[in-house]
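Note sheet for the following structure.
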Protein chains: 2
Amino acid sequence: METMYWEDRCLKLLDQTQLPSKTVYLECTDYHDVMQSIKRLSVRGAPAIGASAAYGLVIGALSEEHLNQTTFIKKIEDIAREIASTRPTAVNLQWALERMLARVHSSHARDTAGIISDMLEEAHKIFNEDVEGNKQMGQHGLNLIPHGARILTHCNAGALATAGYGTALGVIRAAHEKGLDISVYADETRPLLQGARLTAWEMMQENIPVTIITDNMAGYLMYKGMVDIVIVGADRIAANGDVANKIGTYSVAVLAKQHNIPFYVAAPMSTIDFKLGSGSQIPIEEREWHEVTGLAGQAVAPEGVRVWNPAFDVTPSDLVTAIITDKGIARSPYAQGLAALK
Amino acid sequence: METMYWEDRCLKLLDQTQLPSKTVYLECTDYHDVMQSIKRLSVRGAPAIGASAAYGLVIGALSEEHLNQTTFIKKIEDIAREIASTRPTAVNLQWALERMLARVHSSHARDTAGIISDMLEEAHKIFNEDVEGNKQMGQHGLNLIPHGARILTHCNAGALATAGYGTALGVIRAAHEKGLDISVYADETRPLLQGARLTAWEMMQENIPVTIITDNMAGYLMYKGMVDIVIVGADRIAANGDVANKIGTYSVAVLAKQHNIPFYVAAPMSTIDFKLGSGSQIPIEEREWHEVTGLAGQAVAPEGVRVWNPAFDVTPSDLVTAIITDKGIARSPYAQGLAALK
């Protein structure tokens, strides 16, 4: 199943809010559809957000094809800014849009149709390079996975969070494909249950043994000696190796440290924000209260109760055993380790 | 609102599975009704389970009043064993039933009706002493609460978990009544959301400021410096101070330690199992998979997925800053500290 695909001037996006019970593709023919899909998490996961934003910009450009070239380019820059504003934490969003704009500015096309054609080519490249990068990441990550490893993961850093194959789950897939006899524990990942809904589903599709736990069971699972390694994805990594990822990642990292369990982060180089010196500079999105007080339309808390709902947290790099990228593995000190992979 | 009350040979139990949206009292006229209510968590929380079990035994006795005294007592012992089997972790269940049987055996009543009358008196005593003990616990605990404290709690250790007033929430209530300007963060406490449904509701009833978070936000909340102390209840405490409590308590304790935040446990002396040397001997109940894969009747995970669902975990005493009881406060070394309060 594809997270997204391009067909006939339209981006088809798998609506992940409806998984696993329903498989519905949203047809985005207006860039506002793509923005809406990113905002409401129909598409989520840093690399998938980046790829969908790139296609979203192509869709925006298509509707402005009639403009003269200078106005057209100015308009595309405006649309890129608009799309970039949908979610603040995942840096791949900005990264993909900047890459698209660079392609626009360097285009030798003679008309707007030609520029759009170049843009679509670039969006496809972003998409395809992501899948390819994830497979390389899987091969690098393999070296860290012992035979029979029981692996805890948080949220969904799988095929659904990327153009395909996945980051954290890409490493897990590679280990499974190599016959390493691994098994997976998936934190359900409240409030939106990406672990229970998406990670469990992806693993079951490939017959990788998976067990769901609620987020608050991770500590006791480690205490009972039932976890060998932790692998998670990332939404943005600062130059010093601090990792912003789905809320709850920090707790898992602290618990892993307490139990001497390696804590690995898998992410493409596009997730590393070399402009930020540390994680404290990463903007953390806070989302609406009803994600916490309700579930599938059911109220699970008293009406009017106050809620705190940060969508991400920051894990300091001293809790990270290694960062697995498409270019290789970085270890502490990360400022040097990550820069060396650039 | 009463967690339970006795009226006309019947135990009225507030059905906590329906809170906060509905306030429904179950009418238990058969001890199997009480057992069922304990099993399905209509009544939950160690002290409340103890009190309801005591009343349940009275109900069982009422239906055997016609027997001769020897057969009657044997039958009551059988019923007590049956009720004791409903849930394994909370020691107050056994404690209350043993106390009831001791009263039966020491009764000077001349007939079964007289014994039943003694039993009912004992059940009322267990109930009333629990409320009274919680208020004393609140007064002892007050000394640990700084002015303006932002207090994190897990699950529900409130009036609803006890005969009234609460253990952890009893301390919070006492602090609020004294005007200490405290505020509360409530972990929602998956899978059954006792924090979001019950703790938030109790706090709102008394205008104590409360904010709900998902369980996986607790670490980041501490990291951001937004928590001053943690207070939780307990289902069973071993003689060495190891604490069995709702799943997720251990994770919170590890996180509190990491952030140098005091971690307090509030529980009546009836929760301390002096027969157990350490927490590893405490039986941990594992509950059914559908508590994790569903929520309010909605499926939140793929069909057929494997689940691990321990209802409790054990927090080693070295993570516990102090244990607040109705008899005073114990600190490490707990073997001595707790024994001194006996």
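Chain labels run A, B, ... following the order of the structure tokens; each chain numbers its residues from 1, and ligands are numbered from 1 in the order shown.
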
> What are the residues of chain A that have an atom within 6 Å of an atom of chain B, counting only C-alpha atoms, as a PyMOL selection string?
Replying inline: chain A and resi 20+196-197+201+211-213+215-217+219+248+251+301-302+306-308

Go ahead and write the selection's residues with N, CA and C atoms as a PDB file, in the first residue's frame.
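Listing of part_21.pdb after writing:
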ATOM      1  N   PRO A  20      -6.529   1.607  11.055  1.00  0.00           N
ATOM      2  CA  PRO A  20      -6.509   0.498  10.102  1.00  0.00           C
ATOM      3  C   PRO A  20      -7.904   0.061   9.644  1.00  0.00           C
ATOM      4  N   ALA A 196      -0.531   1.939  17.826  1.00  0.00           N
ATOM      5  CA  ALA A 196      -1.548   0.882  17.804  1.00  0.00           C
ATOM      6  C   ALA A 196      -2.181   0.762  16.427  1.00  0.00           C
ATOM      7  N   ARG A 197      -2.441   1.911  15.794  1.00  0.00           N
ATOM      8  CA  ARG A 197      -3.166   1.889  14.529  1.00  0.00           C
ATOM      9  C   ARG A 197      -2.253   1.580  13.351  1.00  0.00           C
ATOM     10  N   TRP A 201      -0.254  -2.347  12.436  1.00  0.00           N
ATOM     11  CA  TRP A 201      -0.803  -2.727  11.132  1.00  0.00           C
ATOM     12  C   TRP A 201       0.308  -3.028  10.127  1.00  0.00           C
ATOM     13  N   THR A 211       3.544  -6.734  19.370  1.00  0.00           N
ATOM     14  CA  THR A 211       2.684  -6.694  20.542  1.00  0.00           C
ATOM     15  C   THR A 211       2.444  -5.230  20.904  1.00  0.00           C
ATOM     16  N   ILE A 212       1.199  -4.870  21.088  1.00  0.00           N
ATOM     17  CA  ILE A 212       0.882  -3.495  21.483  1.00  0.00           C
ATOM     18  C   ILE A 212       0.927  -3.359  22.999  1.00  0.00           C
ATOM     19  N   ILE A 213       1.475  -2.239  23.467  1.00  0.00           N
ATOM     20  CA  ILE A 213       1.345  -1.878  24.881  1.00  0.00           C
ATOM     21  C   ILE A 213       0.854  -0.429  24.957  1.00  0.00           C
ATOM     22  N   ASP A 215       1.336   3.337  26.402  1.00  0.00           N
ATOM     23  CA  ASP A 215       2.600   4.055  26.586  1.00  0.00           C
ATOM     24  C   ASP A 215       3.166   3.874  27.992  1.00  0.00           C
ATOM     25  N   ASN A 216       2.269   3.816  28.974  1.00  0.00           N
ATOM     26  CA  ASN A 216       2.745   3.748  30.354  1.00  0.00           C
ATOM     27  C   ASN A 216       3.261   2.369  30.760  1.00  0.00           C
ATOM     28  N   MET A 217       3.221   1.401  29.849  1.00  0.00           N
ATOM     29  CA  MET A 217       3.746   0.065  30.151  1.00  0.00           C
ATOM     30  C   MET A 217       5.220  -0.087  29.768  1.00  0.00           C
ATOM     31  N   GLY A 219       8.002   1.303  30.671  1.00  0.00           N
ATOM     32  CA  GLY A 219       8.951   1.220  31.773  1.00  0.00           C
ATOM     33  C   GLY A 219       8.956  -0.160  32.409  1.00  0.00           C
ATOM     34  N   GLY A 248       6.476  11.605  24.088  1.00  0.00           N
ATOM     35  CA  GLY A 248       6.658  10.330  24.763  1.00  0.00           C
ATOM     36  C   GLY A 248       8.012   9.708  24.459  1.00  0.00           C
ATOM     37  N   SER A 251      10.447  10.246  27.357  1.00  0.00           N
ATOM     38  CA  SER A 251      10.230   9.318  28.474  1.00  0.00           C
ATOM     39  C   SER A 251      10.844   7.955  28.168  1.00  0.00           C
ATOM     40  N   ALA A 301     -13.136  12.261  28.900  1.00  0.00           N
ATOM     41  CA  ALA A 301     -12.769  13.133  30.020  1.00  0.00           C
ATOM     42  C   ALA A 301     -13.929  14.092  30.268  1.00  0.00           C
ATOM     43  N   PRO A 302     -13.971  14.681  31.466  1.00  0.00           N
ATOM     44  CA  PRO A 302     -15.088  15.588  31.757  1.00  0.00           C
ATOM     45  C   PRO A 302     -15.059  16.792  30.816  1.00  0.00           C
ATOM     46  N   ARG A 306      -9.109  21.188  31.475  1.00  0.00           N
ATOM     47  CA  ARG A 306      -7.923  21.766  30.844  1.00  0.00           C
ATOM     48  C   ARG A 306      -7.016  20.630  30.349  1.00  0.00           C
ATOM     49  N   VAL A 307      -6.329  20.891  29.244  1.00  0.00           N
ATOM     50  CA  VAL A 307      -5.480  19.860  28.628  1.00  0.00           C
ATOM     51  C   VAL A 307      -4.154  20.484  28.212  1.00  0.00           C
ATOM     52  N   TRP A 308      -3.076  19.724  28.343  1.00  0.00           N
ATOM     53  CA  TRP A 308      -1.788  20.104  27.740  1.00  0.00           C
ATOM     54  C   TRP A 308      -1.498  19.073  26.668  1.00  0.00           C
TER      55      TRP A 308
END

Quick check for you: according to DSSP on this backbone, which residues of region 73-281 of chain B are classed as strand (DSSP E)? Reply as a compact mmCIF listing (two decimals) with all heavy atoms, in the first residue's frame.
# COMPACT_ATOMS: atom_id res chain seq x y z
N ARG B 150 2.88 22.28 42.05
CA ARG B 150 2.25 21.69 40.87
C ARG B 150 2.48 20.19 41.00
O ARG B 150 3.61 19.71 40.99
CB ARG B 150 2.88 22.26 39.61
CG ARG B 150 2.61 23.78 39.48
CD ARG B 150 3.61 24.44 38.56
NE ARG B 150 4.97 24.23 39.03
CZ ARG B 150 6.05 24.55 38.32
NH1 ARG B 150 5.93 25.08 37.12
NH2 ARG B 150 7.25 24.32 38.81
N ILE B 151 1.38 19.48 41.21
CA ILE B 151 1.44 18.08 41.61
C ILE B 151 1.00 17.18 40.48
O ILE B 151 -0.09 17.34 39.94
CB ILE B 151 0.53 17.84 42.84
CG1 ILE B 151 0.90 18.80 43.97
CG2 ILE B 151 0.60 16.38 43.28
CD1 ILE B 151 -0.10 18.82 45.12
N LEU B 152 1.85 16.22 40.13
CA LEU B 152 1.46 15.21 39.13
C LEU B 152 0.93 13.98 39.86
O LEU B 152 1.53 13.52 40.83
CB LEU B 152 2.67 14.81 38.27
CG LEU B 152 2.45 13.65 37.28
CD1 LEU B 152 1.46 14.04 36.17
CD2 LEU B 152 3.78 13.21 36.67
N THR B 153 -0.20 13.45 39.39
CA THR B 153 -0.68 12.18 39.94
C THR B 153 -1.02 11.24 38.79
O THR B 153 -1.19 11.66 37.65
CB THR B 153 -1.86 12.38 40.90
OG1 THR B 153 -2.15 11.12 41.55
CG2 THR B 153 -3.12 12.87 40.18
N SER B 183 -1.92 23.02 42.25
CA SER B 183 -2.60 22.62 41.03
C SER B 183 -2.15 21.22 40.66
O SER B 183 -1.11 20.75 41.12
CB SER B 183 -2.33 23.61 39.89
OG SER B 183 -0.93 23.70 39.67
N VAL B 184 -2.96 20.56 39.85
CA VAL B 184 -2.78 19.14 39.61
C VAL B 184 -2.63 18.84 38.11
O VAL B 184 -3.35 19.41 37.30
CB VAL B 184 -3.99 18.35 40.17
CG1 VAL B 184 -3.92 16.87 39.80
CG2 VAL B 184 -4.07 18.53 41.68
N TYR B 185 -1.67 17.98 37.78
CA TYR B 185 -1.63 17.35 36.46
C TYR B 185 -2.06 15.90 36.64
O TYR B 185 -1.55 15.21 37.53
CB TYR B 185 -0.22 17.38 35.85
CG TYR B 185 0.16 18.74 35.32
CD1 TYR B 185 0.96 19.60 36.08
CD2 TYR B 185 -0.29 19.17 34.08
CE1 TYR B 185 1.30 20.86 35.60
CE2 TYR B 185 0.05 20.42 33.59
CZ TYR B 185 0.84 21.26 34.35
OH TYR B 185 1.18 22.50 33.88
N ALA B 186 -3.01 15.47 35.82
CA ALA B 186 -3.50 14.10 35.91
C ALA B 186 -3.09 13.33 34.66
O ALA B 186 -3.52 13.65 33.56
CB ALA B 186 -5.02 14.09 36.04
N ASP B 187 -2.23 12.31 34.83
CA ASP B 187 -1.99 11.35 33.74
C ASP B 187 -3.32 10.71 33.37
O ASP B 187 -4.05 10.25 34.25
CB ASP B 187 -1.07 10.21 34.22
CG ASP B 187 0.40 10.59 34.25
OD1 ASP B 187 0.76 11.64 33.70
OD2 ASP B 187 1.18 9.83 34.86
N VAL B 210 -6.98 21.51 37.49
CA VAL B 210 -6.46 20.23 37.01
C VAL B 210 -6.27 20.29 35.51
O VAL B 210 -7.08 20.88 34.79
CB VAL B 210 -7.41 19.07 37.42
CG1 VAL B 210 -8.79 19.23 36.79
CG2 VAL B 210 -6.82 17.72 37.03
N THR B 211 -5.18 19.70 35.04
CA THR B 211 -4.87 19.61 33.62
C THR B 211 -4.60 18.15 33.28
O THR B 211 -3.83 17.49 33.98
CB THR B 211 -3.61 20.44 33.29
OG1 THR B 211 -3.85 21.80 33.68
CG2 THR B 211 -3.29 20.39 31.79
N ILE B 212 -5.24 17.67 32.24
CA ILE B 212 -5.01 16.29 31.81
C ILE B 212 -3.84 16.22 30.83
O ILE B 212 -3.71 17.09 29.97
CB ILE B 212 -6.24 15.73 31.07
CG1 ILE B 212 -7.46 15.69 31.98
CG2 ILE B 212 -5.98 14.33 30.53
CD1 ILE B 212 -8.69 15.14 31.27
N ILE B 213 -3.02 15.19 30.98
CA ILE B 213 -2.02 14.88 29.96
C ILE B 213 -2.13 13.39 29.62
O ILE B 213 -2.65 12.61 30.42
CB ILE B 213 -0.57 15.19 30.43
CG1 ILE B 213 -0.22 14.39 31.70
CG2 ILE B 213 -0.39 16.68 30.66
CD1 ILE B 213 1.25 14.48 32.08
N ILE B 229 6.06 18.09 42.61
CA ILE B 229 6.06 16.80 43.31
C ILE B 229 5.10 15.84 42.61
O ILE B 229 4.21 16.25 41.87
CB ILE B 229 5.62 16.94 44.80
CG1 ILE B 229 4.21 17.49 44.91
CG2 ILE B 229 6.57 17.80 45.59
CD1 ILE B 229 3.69 17.48 46.33
N VAL B 230 5.34 14.55 42.88
CA VAL B 230 4.43 13.50 42.39
C VAL B 230 3.81 12.84 43.61
O VAL B 230 4.51 12.57 44.60
CB VAL B 230 5.21 12.45 41.56
CG1 VAL B 230 4.28 11.32 41.13
CG2 VAL B 230 5.89 13.08 40.36
N ILE B 231 2.50 12.60 43.57
CA ILE B 231 1.85 11.79 44.61
C ILE B 231 0.96 10.76 43.92
O ILE B 231 0.16 11.12 43.07
CB ILE B 231 0.95 12.59 45.57
CG1 ILE B 231 1.63 13.86 46.05
CG2 ILE B 231 0.55 11.72 46.78
CD1 ILE B 231 0.76 14.65 47.03
N VAL B 232 1.12 9.51 44.32
CA VAL B 232 0.27 8.45 43.79
C VAL B 232 -0.25 7.61 44.95
O VAL B 232 0.22 7.73 46.09
CB VAL B 232 1.04 7.53 42.81
CG1 VAL B 232 1.56 8.31 41.61
CG2 VAL B 232 2.20 6.83 43.53
N ARG B 236 -0.69 -2.30 46.79
CA ARG B 236 -0.07 -3.14 47.82
C ARG B 236 1.36 -2.64 48.01
O ARG B 236 2.04 -2.34 47.03
CB ARG B 236 -0.07 -4.61 47.43
CG ARG B 236 0.34 -5.49 48.60
CD ARG B 236 0.47 -6.97 48.28
NE ARG B 236 -0.64 -7.60 47.60
CZ ARG B 236 -0.98 -8.89 47.77
NH1 ARG B 236 -0.30 -9.64 48.64
NH2 ARG B 236 -1.94 -9.44 47.07
N ILE B 237 1.79 -2.55 49.25
CA ILE B 237 3.16 -2.13 49.56
C ILE B 237 3.81 -3.25 50.35
O ILE B 237 3.25 -3.72 51.35
CB ILE B 237 3.16 -0.81 50.38
CG1 ILE B 237 2.49 0.31 49.57
CG2 ILE B 237 4.58 -0.43 50.79
CD1 ILE B 237 2.32 1.62 50.33
N ALA B 238 4.97 -3.73 49.87
CA ALA B 238 5.68 -4.79 50.59
C ALA B 238 6.36 -4.19 51.83
O ALA B 238 6.50 -2.97 51.95
CB ALA B 238 6.71 -5.44 49.67
N VAL B 243 6.39 -0.69 45.98
CA VAL B 243 4.99 -0.29 45.83
C VAL B 243 4.37 -0.85 44.55
O VAL B 243 4.83 -0.53 43.44
CB VAL B 243 4.88 1.25 45.78
CG1 VAL B 243 3.44 1.70 45.49
CG2 VAL B 243 5.38 1.87 47.08
N ALA B 244 3.34 -1.66 44.68
CA ALA B 244 2.54 -2.03 43.50
C ALA B 244 1.44 -1.00 43.36
O ALA B 244 0.73 -0.68 44.32
CB ALA B 244 1.94 -3.42 43.67
N ASN B 245 1.33 -0.45 42.16
CA ASN B 245 0.26 0.52 41.88
C ASN B 245 -0.05 0.43 40.39
O ASN B 245 0.60 -0.31 39.64
CB ASN B 245 0.70 1.93 42.29
CG ASN B 245 -0.45 2.93 42.26
OD1 ASN B 245 -1.55 2.64 42.74
ND2 ASN B 245 -0.23 4.10 41.69
N LYS B 246 -1.04 1.17 39.98
CA LYS B 246 -1.51 1.16 38.58
C LYS B 246 -0.35 1.18 37.59
O LYS B 246 0.63 1.91 37.79
CB LYS B 246 -2.42 2.37 38.37
CG LYS B 246 -2.98 2.55 36.98
CD LYS B 246 -3.69 1.33 36.42
CE LYS B 246 -4.82 0.83 37.29
NZ LYS B 246 -5.29 -0.53 36.88
N PHE B 263 8.92 11.86 44.93
CA PHE B 263 7.90 10.90 44.52
C PHE B 263 7.28 10.30 45.78
O PHE B 263 7.91 9.51 46.48
CB PHE B 263 8.54 9.81 43.65
CG PHE B 263 7.57 8.76 43.17
CD1 PHE B 263 6.86 8.94 41.99
CD2 PHE B 263 7.36 7.60 43.91
CE1 PHE B 263 5.96 7.98 41.56
CE2 PHE B 263 6.45 6.64 43.48
CZ PHE B 263 5.75 6.82 42.30
N TYR B 264 6.03 10.70 46.08
CA TYR B 264 5.37 10.26 47.30
C TYR B 264 4.27 9.24 47.00
O TYR B 264 3.57 9.35 45.99
CB TYR B 264 4.73 11.46 48.02
CG TYR B 264 5.73 12.51 48.45
CD1 TYR B 264 5.63 13.82 47.99
CD2 TYR B 264 6.78 12.18 49.30
CE1 TYR B 264 6.54 14.79 48.38
CE2 TYR B 264 7.71 13.15 49.69
CZ TYR B 264 7.58 14.45 49.23
OH TYR B 264 8.48 15.40 49.61
N VAL B 265 4.12 8.29 47.90
CA VAL B 265 3.04 7.32 47.82
C VAL B 265 2.15 7.52 49.04
O VAL B 265 2.65 7.61 50.16
CB VAL B 265 3.60 5.88 47.81
CG1 VAL B 265 2.47 4.86 47.85
CG2 VAL B 265 4.48 5.67 46.58
N ALA B 266 0.84 7.63 48.82
CA ALA B 266 -0.11 7.79 49.93
C ALA B 266 -1.00 6.56 49.99
O ALA B 266 -1.65 6.21 49.00
CB ALA B 266 -0.94 9.05 49.72
N ILE B 272 -0.41 -2.01 53.37
CA ILE B 272 0.93 -2.54 53.58
C ILE B 272 0.85 -4.01 53.94
O ILE B 272 0.16 -4.39 54.89
CB ILE B 272 1.68 -1.73 54.65
CG1 ILE B 272 1.77 -0.28 54.17
CG2 ILE B 272 3.08 -2.31 54.88
CD1 ILE B 272 2.10 0.71 55.24
N ASP B 273 1.52 -4.82 53.14
CA ASP B 273 1.50 -6.27 53.33
C ASP B 273 2.81 -6.66 54.00
O ASP B 273 3.81 -6.95 53.34
CB ASP B 273 1.33 -6.96 51.98
CG ASP B 273 1.11 -8.45 52.13
OD1 ASP B 273 1.34 -8.98 53.24
OD2 ASP B 273 0.72 -9.09 51.13

>> What's around region 95-112 of chain B at 7 Å? Count only C-alpha atoms, leave out sequence neighbours fewer than 6 positions away in its own chain, and write the answer as a PyMOL selection string.
In response: chain B and resi 50-51+53-54+65+69+80+118-119+122+270

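Interatomic distance, CA of Gly233 (chain B) to CA of Gln205 (chain B): 19.9 Å.
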
>> Excluding region 35-48 of chain B and its own-chain neighbours fewer than 4 positions away, which residues fall within 7 Å of it when counting only C-alpha atoms? Please give them as a list in words.
In response: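 In the requested format, the answer is Leu13, Asp15, Gln16, Thr17, Tyr31, Ser52, Ile83, Thr86, Arg87, Ala90, Asn92, Ala157, Ala161, Thr162, Ala163 and Asp235 of chain B.
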
Write out, as an mmCIF file, in the first residue's frame, the residues just selected, with C-alpha atoms.
data_model
loop_
_atom_site.group_PDB
_atom_site.id
_atom_site.type_symbol
_atom_site.label_atom_id
_atom_site.label_comp_id
_atom_site.auth_asym_id
_atom_site.auth_seq_id
_atom_site.Cartn_x
_atom_site.Cartn_y
_atom_site.Cartn_z
ATOM 1 C CA LEU B 13 -22.087 0.934 44.188
ATOM 2 C CA ASP B 15 -20.529 2.374 38.568
ATOM 3 C CA GLN B 16 -17.179 4.038 37.880
ATOM 4 C CA THR B 17 -16.926 2.567 34.385
ATOM 5 C CA TYR B 31 -22.521 -11.260 46.539
ATOM 6 C CA SER B 52 -17.044 -3.273 49.004
ATOM 7 C CA ILE B 83 -14.652 -12.817 46.760
ATOM 8 C CA THR B 86 -11.696 -11.478 42.110
ATOM 9 C CA ARG B 87 -8.501 -9.457 41.893
ATOM 10 C CA ALA B 90 -4.792 -5.021 45.960
ATOM 11 C CA ASN B 92 -6.930 -4.487 51.018
ATOM 12 C CA ALA B 157 -6.357 7.537 44.220
ATOM 13 C CA ALA B 161 -10.826 4.748 45.033
ATOM 14 C CA THR B 162 -11.638 4.701 48.731
ATOM 15 C CA ALA B 163 -14.588 4.948 51.094
ATOM 16 C CA ASP B 235 -2.548 -1.271 45.671
#
